[in-house]
Number of protein chains: 2
Amino acid sequence: MDANEFRRHGHELVDWIAEYLDGGVRGHAVRARVAPGEVRSQLPPEPPARGEPFSRVMADFERVLLPGVTHWQHPRFFAYFPANNSYPSVLGELLSAGLGVQGMLWETGPAATELEEVVMGWLRRMLGLPAEFQGVIQDTASTAALAALLCARERATHGRFNTEGAAAPQADRLVVYVSPETHSSIEKGARIAGFGRERVRKVPVGAAYALDPVALEATVAADLAAGLVPACCVGTCGTTGSTALDPLRAIGETCRRHGMWFHVDAALAGAAAILSEKRHILDGVELADSFVFNPHKWMFTNFDCSAFFVRDPDFLVKVLSINPEYLRTAHDGGVSNFRDWHVQLGRRFRALKLWFVIRTFGVEGIRARLREHLAWAQEFRSWVEADPDWELLAPVPLNLICFRWAPLSADPRALDALNERLLRAVNDGGQLYLSHTRLGGDYALRLCVGQTTQTRDDVAAAWRILGETARAIARPA
Amino acid sequence: MDANEFRRHGHELVDWIAEYLDGGVRGHAVRARVAPGEVRSQLPPEPPARGEPFSRVMADFERVLLPGVTHWQHPRFFAYFPANNSYPSVLGELLSAGLGVQGMLWETGPAATELEEVVMGWLRRMLGLPAEFQGVIQDTASTAALAALLCARERATHGRFNTEGAAAPQADRLVVYVSPETHSSIEKGARIAGFGRERVRKVPVGAAYALDPVALEATVAADLAAGLVPACCVGTCGTTGSTALDPLRAIGETCRRHGMWFHVDAALAGAAAILSEKRHILDGVELADSFVFNPHKWMFTNFDCSAFFVRDPDFLVKVLSINPEYLRTAHDGGVSNFRDWHVQLGRRFRALKLWFVIRTFGVEGIRARLREHLAWAQEFRSWVEADPDWELLAPVPLNLICFRWAPLSADPRALDALNERLLRAVNDGGQLYLSHTRLGGDYALRLCVGQTTQTRDDVAAAWRILGETARAIARPA
């Protein structure tokens with residue numbers, strides 16, 4: 001492909017994406033309807049020996065791949081948490097790909113490094129995070145959590161786990177505290193970092209699925225009495241199950257009291273703190289040692305873009321720094337070499353898309369959209385609450401509604417199966433895509449408002465389609 | 001930004017990239033010439049309250065950021081290892097961004113998952129890897145190495161490090177074997193995974209900077225005698241310092257003998273194995289438990305795209321799998337949920353760019369370019385060897401030349417400083433960008449051939465400019 005072909009196909013692709021995002025996506029079932037192996041079976045197991053025209057590749061994309069795409073950018077995607085893109089963000093990815101900068105060191109990407117410092121500063125201000133927090137873009141909140149856990153591990157072992165491994169004093173006695181509603185990535189990170197799965201304590205939650213700080217204090221006390229070393233507690237602002245809000249201040253105070261690393265996971269909900277009226281969800285964050293939220297969820301920035309903040313970057317760098325001769329530059333010491341802030345060495349120019357998004361939306365533009373999403377979520381909640389055949393299963397502090405179909409006529413023991421059936425029918429129908437979880441043992445439908453191009457009509461349609469599908473299931477065959 | 005504005009700015013950006021990659025980049029100094037803080041100081045510390053027109057953002061990009069870009073796609077970028085893009089790869093990133101698929105589960109991206117299975121199969125065939133190797137795209141070879149180290153850790157502790165952490169039997173006795181030339185990411189991964197830095201043994205290298213397998217066997221024997229547990233050895237196909245080729249077969253046999261996990265790091269050089277005449281560099285890879293190479297280095301595929309292969313994916317999945325209720329789907333067990341194959345949970349549709357590259361280049365097209373790069377590297381080597389003022393510092397099995405300026409008149413003790421000065425002058429000049437390393441204690445210039453749009457003229461120009469710059473330095477002031 002030469003420059004002219006790139007121009008031509010690039011323009012076609014931009015037009016294809018514009019058409020797709022500007023309504024074209026609505027022509028597709030939200031969740032792909034293919035069976036396992038269906039896409040694979042249509043593709044040759046051998047690579048082509050000769051180059052083929054791009055038009056043929058795009059034709060195969062449309063014919064073979066597109067039916068196998070689950071449309072995360074469909075306005076009726078309500079599953080999981082959103083992974084939003086937006087026009088300026090797509091342009092940011094495009095420019096980043098075109099430049100092909102690999103900013104592992106300041107010297108290999110001064111603009112990438114310094115723009116990242118600037119936009120992370122913007123995010124810090126937008127969320128009202130402590131001025132001393134320093135930010136770095138990670139790929140995902142999972143990787144960021146791993147970084148936090150590594151810091152915790154080293155603080156608890158005075159840097160000796162890093163050097164001596166499991167043989168370090170106290171290495172075999174470290175404990176991480178979460179709740180049963182904490183994201184699974186924390187356990188995954190604790191396993192990776194060598195804490196061990198059994199040393200991840202699940203402190204009970206209270207009525208609203210938020211971690212119980214009294215139980216935390218008691219669990220920590222029992223562990224201390226048993227000779228264990230409390231190393232880290234993760235507080236979640238907006239759990240994946242139900243956007244529950246852990247009491248960050250109380251958790252933070254317990255962490256301070258016992259010298260534990262306090263990591264705050266606000267992967268989805270952090271975005272809401274951009275709103276002054278929601279800023280309270282981060283109350284107590286000033287006690288945190290590290291904090292993460294994902295602009296790639298609910299801030300219109302393509303996956304991946306996770307914003308990780310840490311109070312003391314020296315700690316992070318000490319754990320993750322490597323300094324072989326071939327990576328040394330004249331500027332080391334005076335600049336940020338972000339390679340030392342995460343697991344990877346190489347890094348893309350991800351600050352660009354974030355910069356494009358914030359500048360073209362403006363903070364007020366982002367706020368306006370978030371406020372719409374929050375309002376529509378509350379409307380949906382009110383519809384659930386007002387209908388005797390439906391039941392709300394958790395508070396709705398933000399944009400996620402956890403609920404179930406609970407027709408008065410149904411045997412309460414049958415509700416799990418009934419809702420599983422309803423979810424399958426709704427998702428198979430292709431008009432909506434929702435996901436599920438379990439709350440207090442009950443099977444719960446999860447509907448998350450917040451896709452970039454979603455409208456109030458889409459939220460209303462979701463409610464209508466859920467009702468119609470439920471009634472169709474209820475109707476005697 | 002609405003769809004029409006996206007179309008307009010998207011077309012402009014495609015044209016900008018075409019112009020940039022098709023020679024425009026030659027108008028820039030290869031390495032950015034800004035001072036630390038220079039980019040940052042031109043950007044406001046506060047985010048904009050109101051959205052701004054995209055044209056203003058692009059104007060700032062050109063005015064403020066572009067001077068701070070180190071141009072990895074410049075044909076005279078010879079530093080580090082390349083991080084190549086290409087026109088079809090940029091289009092792949094664009095389409096991936098537009099679709100915004102997050103393929104953590106098969107269900108959330110059937111096409112993303114199955115296309116990845118297909119293109120990883122293509123790569124396996126292209127490199128002649130064992131048929132039983134199964135592949136997954138990771139972001140970087142560092143993350144892939146961490147995955148391999150976690151597998152090694154668990155195999156050595158019978159899965160108990162994962163559950164019990166440092167308290168697991170033998171957890172405090174695990175050893176990882178590398179050479180002083182092994183990439184620093186292995187030590188970083190070993191620190192993350194809890195082996196401890198001190199348990200990373202640097203087995204000596206032989207004359208060509210390749211790991212000495214006799215020394216490996218002796219080191220392992222000594223550790224066994226001391227009651228330690230050899231868990232992993234990393235063999236490198238093409239070290240970062242000098243593309244040295246570790247004797248994979250001999251290392252693999254030692255690994256088999258002692259039940260160690262054998263990870264092969266071919267981050268750069270794996271691409272060369274696509275050529276039948278270079279296939280021998282992977283001799284012995286069939287003994288490996290895991291293998292990684294980076295299409296994002298020397299295979300024209302945008303960073304990040306690292307191809308990780310593992311013989312027994314069950315092992316990997318057991319270590320990295322998490323299965324909370326909110327991620328369960330009806331297809332679990334019958335499909336690949338790639339979230340369980342790496343540190344992250346979320347994942348982009350990266351197979352798309354790899355598919356675009358392989359289909360539009362064709363395997364022969366990729367081979368033709370690699371052969372050119374290899375030939376030009378040998379030419380450059382011959383120029384160094386033929387000139388009495390220059391010295392080759394390592395064999396050139398592939399596309400990297402390690403050399404230094406060693407004028408007959410110079411004090412041998414002054415050569416390090418002289419070459420440091422030369423490198424600074426060359427890089428400051430803006431016409432070339434090279435990096436350095438140390439080999440056998442000596443400061444070595446590294447020139448890596450292989451940038452996508454590089455020509456023989458660029459390689460010849462590098463030699464000419466190095467000579468001119470050296471002569472200018474040598475000339476009495």
# chains A, B, ... in the order shown; residues from 1 in each chain; ligands from 1

$ residues_around --residues "stretch 212-219 of chain A" --least-positions-apart "6" --cutoff "6 Å" --atoms "only C-alpha atoms" --output "list in words"
Val203, Val205, Gly206 and Ile251 of chain A

$ write_last_selection --atoms "C-alpha atoms" --output "compact mmCIF listing (two decimals), in the first residue's frame"
# COMPACT_ATOMS: atom_id res chain seq x y z
CA VAL A 203 -14.28 -8.15 54.56
CA VAL A 205 -20.24 -5.60 53.15
CA GLY A 206 -23.16 -3.76 54.69
CA ILE A 251 -11.12 2.75 55.26

$ residues_around --residues "stretch 227-240 of chain B" --least-positions-apart "3" --cutoff "8 Å" --atoms "only C-alpha atoms" --output "PyMOL selection string"
(chain A and resi 326) or (chain B and resi 80-81+149+152-153+155-156+170+173-178+181-183+186+211+220+223-224+243-248+251+255+258-270+281-282)

$ residues_around --residues "A:Leu345" --least-positions-apart "6" --cutoff "8 Å" --atoms "only C-alpha atoms" --output "PDB file with C-alpha atoms, in the first residue's frame"
ATOM      1  CA  MET A 104       9.247   4.417  27.008  1.00  0.00           C
ATOM      2  CA  ARG A 339       8.629   2.993  31.648  1.00  0.00           C
TER       3      ARG A 339
ATOM      4  CA  THR B 140       4.532  -6.113  25.158  1.00  0.00           C
ATOM      5  CA  SER B 142       7.610  -7.559  29.155  1.00  0.00           C
ATOM      6  CA  SER B 185      12.186  -7.021  31.569  1.00  0.00           C
TER       7      SER B 185
END

$ residues_around --residues "A:Leu150" --least-positions-apart "3" --cutoff "8 Å" --atoms "only C-alpha atoms" --output "PyMOL selection string"
(chain A and resi 146-147+153-154+193+316+319) or (chain B and resi 192)

$ write_last_selection --atoms "N, CA and C atoms" --output "PDB file, in the first residue's frame"
ATOM      1  N   LEU A 146      -2.238  -3.794  40.096  1.00  0.00           N
ATOM      2  CA  LEU A 146      -1.021  -4.573  40.320  1.00  0.00           C
ATOM      3  C   LEU A 146       0.114  -3.650  40.770  1.00  0.00           C
ATOM      4  N   ALA A 147       0.237  -2.507  40.120  1.00  0.00           N
ATOM      5  CA  ALA A 147       1.268  -1.549  40.516  1.00  0.00           C
ATOM      6  C   ALA A 147       1.073  -1.120  41.972  1.00  0.00           C
ATOM      7  N   ARG A 153       3.314  -4.135  48.826  1.00  0.00           N
ATOM      8  CA  ARG A 153       4.177  -5.263  49.174  1.00  0.00           C
ATOM      9  C   ARG A 153       5.543  -4.758  49.634  1.00  0.00           C
ATOM     10  N   GLU A 154       6.055  -3.799  48.884  1.00  0.00           N
ATOM     11  CA  GLU A 154       7.393  -3.297  49.210  1.00  0.00           C
ATOM     12  C   GLU A 154       7.393  -2.424  50.449  1.00  0.00           C
ATOM     13  N   ALA A 193       1.405 -10.725  42.324  1.00  0.00           N
ATOM     14  CA  ALA A 193       2.439 -10.088  43.149  1.00  0.00           C
ATOM     15  C   ALA A 193       2.919 -10.983  44.286  1.00  0.00           C
ATOM     16  N   LEU A 316       6.808   3.734  43.599  1.00  0.00           N
ATOM     17  CA  LEU A 316       6.461   2.994  42.385  1.00  0.00           C
ATOM     18  C   LEU A 316       7.707   2.755  41.547  1.00  0.00           C
ATOM     19  N   VAL A 319      10.121   0.127  42.762  1.00  0.00           N
ATOM     20  CA  VAL A 319       9.702  -1.248  42.521  1.00  0.00           C
ATOM     21  C   VAL A 319       9.867  -1.626  41.053  1.00  0.00           C
TER      22      VAL A 319
ATOM     23  N   ILE B 192       8.387  -8.606  40.034  1.00  0.00           N
ATOM     24  CA  ILE B 192       6.930  -8.506  40.168  1.00  0.00           C
ATOM     25  C   ILE B 192       6.344  -9.826  40.668  1.00  0.00           C
TER      26      ILE B 192
END

$ residues_around --residues "B:Ala97" --least-positions-apart "3" --cutoff "10 Å" --atoms "only C-alpha atoms" --output "VMD selection string"
(chain A and resid 17 84 to 87 89 to 94 301 to 304) or (chain B and resid 91 to 94 100 to 101 348 to 350)

$ select_by_dssp --residues "stretch 43-208 of chain A" --states "alpha helix (DSSP H)" --output "number ranges by chain"
A: 54-60, 87-99, 110-127, 141-156, 160-164, 184-192

$ residues_around --residues "B:Arg124" --least-positions-apart "4" --cutoff "9 Å" --atoms "only C-alpha atoms" --output "MDAnalysis selection string"
chainID B and resid 119:120 128:131 133:135 309

$ write_last_selection --atoms "C-alpha atoms" --output "mmCIF file, in the first residue's frame"
data_model
loop_
_atom_site.group_PDB
_atom_site.id
_atom_site.type_symbol
_atom_site.label_atom_id
_atom_site.label_comp_id
_atom_site.auth_asym_id
_atom_site.auth_seq_id
_atom_site.Cartn_x
_atom_site.Cartn_y
_atom_site.Cartn_z
ATOM 1 C CA VAL B 119 -3.667 -14.737 12.895
ATOM 2 C CA MET B 120 -1.709 -16.253 15.777
ATOM 3 C CA GLY B 128 7.749 -22.631 12.002
ATOM 4 C CA LEU B 129 6.815 -22.906 15.664
ATOM 5 C CA PRO B 130 5.572 -26.221 17.058
ATOM 6 C CA ALA B 131 2.006 -27.003 16.053
ATOM 7 C CA PHE B 133 1.875 -23.791 20.554
ATOM 8 C CA GLN B 134 -1.177 -21.647 21.174
ATOM 9 C CA GLY B 135 -0.970 -17.927 20.750
ATOM 10 C CA PHE B 309 2.857 -18.540 22.455
#

$ closest_residue --among "A:Arg347, A:Gly23, A:Leu99, A:Leu434" --to "B:His74" --atoms "only C-alpha atoms"
A:Leu99

$ atom_distance --atom1 "atom CA of B:Thr70" --atom2 "atom CA of A:Thr108"
5.5 Å

$ select_by_dssp --residues "stretch 279-338 of chain B" --states "strand (DSSP E)" --output "PyMOL selection string"
chain B and resi 290-293+306-310

$ atom_distance --atom1 "atom CA of A:Arg446" --atom2 "atom CA of A:Trp383"
14.7 Å

$ residues_around --residues "A:Leu439" --least-positions-apart "4" --cutoff "9 Å" --atoms "only C-alpha atoms" --output "PyMOL selection string"
chain A and resi 181+209+241-242+393-394+402+443-444

$ closest_residue --among "B:Leu115, B:Ala59, B:Ala221, B:Val285" --to "chain A" --atoms "only C-alpha atoms"
B:Leu115

$ closest_residue --among "A:Ala207, A:Leu352, A:Ala288, A:Ala271" --to "chain B" --atoms "only C-alpha atoms"
A:Leu352

$ closest_residue --among "B:Pro67, B:Pro180, B:Gly196, B:Gly103" --to "chain A" --atoms "only C-alpha atoms"
B:Gly196

$ closest_residue --among "B:Ile473, B:Arg404, B:Leu398, B:Phe61" --to "B:Arg279" --atoms "only C-alpha atoms"
B:Leu398

$ decode --residues "stretch 430-458 of chain A" --atoms "N, CA and C atoms" --output "mmCIF file, in the first residue's frame"
data_model
loop_
_atom_site.group_PDB
_atom_site.id
_atom_site.type_symbol
_atom_site.label_atom_id
_atom_site.label_comp_id
_atom_site.auth_asym_id
_atom_site.auth_seq_id
_atom_site.Cartn_x
_atom_site.Cartn_y
_atom_site.Cartn_z
ATOM 1 N N GLY A 430 -31.200 -9.238 20.214
ATOM 2 C CA GLY A 430 -30.326 -8.365 19.447
ATOM 3 C C GLY A 430 -30.620 -6.887 19.590
ATOM 4 N N GLN A 431 -31.712 -6.534 20.246
ATOM 5 C CA GLN A 431 -32.053 -5.110 20.345
ATOM 6 C C GLN A 431 -31.369 -4.429 21.522
ATOM 7 N N LEU A 432 -30.973 -5.233 22.498
ATOM 8 C CA LEU A 432 -30.327 -4.713 23.702
ATOM 9 C C LEU A 432 -29.199 -5.656 24.076
ATOM 10 N N TYR A 433 -28.279 -5.155 24.877
ATOM 11 C CA TYR A 433 -27.314 -6.060 25.495
ATOM 12 C C TYR A 433 -27.142 -5.609 26.936
ATOM 13 N N LEU A 434 -27.534 -6.493 27.862
ATOM 14 C CA LEU A 434 -27.369 -6.274 29.298
ATOM 15 C C LEU A 434 -26.483 -7.388 29.827
ATOM 16 N N SER A 435 -25.930 -7.206 31.000
ATOM 17 C CA SER A 435 -25.234 -8.316 31.638
ATOM 18 C C SER A 435 -25.844 -8.544 33.020
ATOM 19 N N HIS A 436 -25.222 -9.418 33.795
ATOM 20 C CA HIS A 436 -25.827 -9.787 35.074
ATOM 21 C C HIS A 436 -24.756 -9.865 36.158
ATOM 22 N N THR A 437 -25.205 -9.994 37.364
ATOM 23 C CA THR A 437 -24.320 -10.348 38.471
ATOM 24 C C THR A 437 -25.159 -11.058 39.512
ATOM 25 N N ARG A 438 -24.584 -11.343 40.662
ATOM 26 C CA ARG A 438 -25.358 -11.818 41.806
ATOM 27 C C ARG A 438 -25.180 -10.838 42.947
ATOM 28 N N LEU A 439 -26.275 -10.496 43.578
ATOM 29 C CA LEU A 439 -26.230 -9.582 44.718
ATOM 30 C C LEU A 439 -26.943 -10.255 45.873
ATOM 31 N N GLY A 440 -26.232 -10.437 46.959
ATOM 32 C CA GLY A 440 -26.817 -11.132 48.110
ATOM 33 C C GLY A 440 -27.335 -12.499 47.701
ATOM 34 N N GLY A 441 -26.680 -13.113 46.754
ATOM 35 C CA GLY A 441 -27.074 -14.453 46.307
ATOM 36 C C GLY A 441 -28.078 -14.454 45.169
ATOM 37 N N ASP A 442 -28.742 -13.324 44.949
ATOM 38 C CA ASP A 442 -29.772 -13.278 43.905
ATOM 39 C C ASP A 442 -29.195 -12.898 42.549
ATOM 40 N N TYR A 443 -29.730 -13.536 41.538
ATOM 41 C CA TYR A 443 -29.365 -13.225 40.162
ATOM 42 C C TYR A 443 -29.925 -11.843 39.832
ATOM 43 N N ALA A 444 -29.062 -10.927 39.425
ATOM 44 C CA ALA A 444 -29.483 -9.546 39.174
ATOM 45 C C ALA A 444 -29.143 -9.124 37.750
ATOM 46 N N LEU A 445 -30.075 -8.477 37.111
ATOM 47 C CA LEU A 445 -29.798 -7.870 35.812
ATOM 48 C C LEU A 445 -29.072 -6.550 36.055
ATOM 49 N N ARG A 446 -28.091 -6.275 35.195
ATOM 50 C CA ARG A 446 -27.330 -5.025 35.306
ATOM 51 C C ARG A 446 -27.582 -4.200 34.050
ATOM 52 N N LEU A 447 -28.039 -3.004 34.230
ATOM 53 C CA LEU A 447 -28.220 -2.098 33.096
ATOM 54 C C LEU A 447 -27.425 -0.827 33.374
ATOM 55 N N CYS A 448 -26.394 -0.618 32.576
ATOM 56 C CA CYS A 448 -25.529 0.535 32.806
ATOM 57 C C CYS A 448 -25.774 1.576 31.720
ATOM 58 N N VAL A 449 -26.189 2.749 32.136
ATOM 59 C CA VAL A 449 -26.417 3.863 31.217
ATOM 60 C C VAL A 449 -25.080 4.575 31.014
ATOM 61 N N GLY A 450 -24.776 5.010 29.792
ATOM 62 C CA GLY A 450 -23.546 5.793 29.662
ATOM 63 C C GLY A 450 -22.798 5.618 28.363
ATOM 64 N N GLN A 451 -23.383 4.894 27.412
ATOM 65 C CA GLN A 451 -22.720 4.772 26.118
ATOM 66 C C GLN A 451 -22.728 6.158 25.445
ATOM 67 N N THR A 452 -21.661 6.471 24.731
ATOM 68 C CA THR A 452 -21.465 7.827 24.198
ATOM 69 C C THR A 452 -22.685 8.361 23.441
ATOM 70 N N THR A 453 -23.246 7.536 22.547
ATOM 71 C CA THR A 453 -24.312 8.048 21.660
ATOM 72 C C THR A 453 -25.702 7.654 22.156
ATOM 73 N N GLN A 454 -25.776 7.150 23.381
ATOM 74 C CA GLN A 454 -27.056 6.767 23.948
ATOM 75 C C GLN A 454 -27.958 7.988 24.107
ATOM 76 N N THR A 455 -29.263 7.753 23.963
ATOM 77 C CA THR A 455 -30.226 8.823 24.182
ATOM 78 C C THR A 455 -31.238 8.357 25.230
ATOM 79 N N ARG A 456 -32.053 9.264 25.677
ATOM 80 C CA ARG A 456 -33.107 8.885 26.616
ATOM 81 C C ARG A 456 -34.032 7.862 25.974
ATOM 82 N N ASP A 457 -34.254 7.998 24.671
ATOM 83 C CA ASP A 457 -35.101 7.031 23.965
ATOM 84 C C ASP A 457 -34.548 5.617 24.061
ATOM 85 N N ASP A 458 -33.243 5.495 24.006
ATOM 86 C CA ASP A 458 -32.645 4.158 24.100
ATOM 87 C C ASP A 458 -32.897 3.546 25.478
#
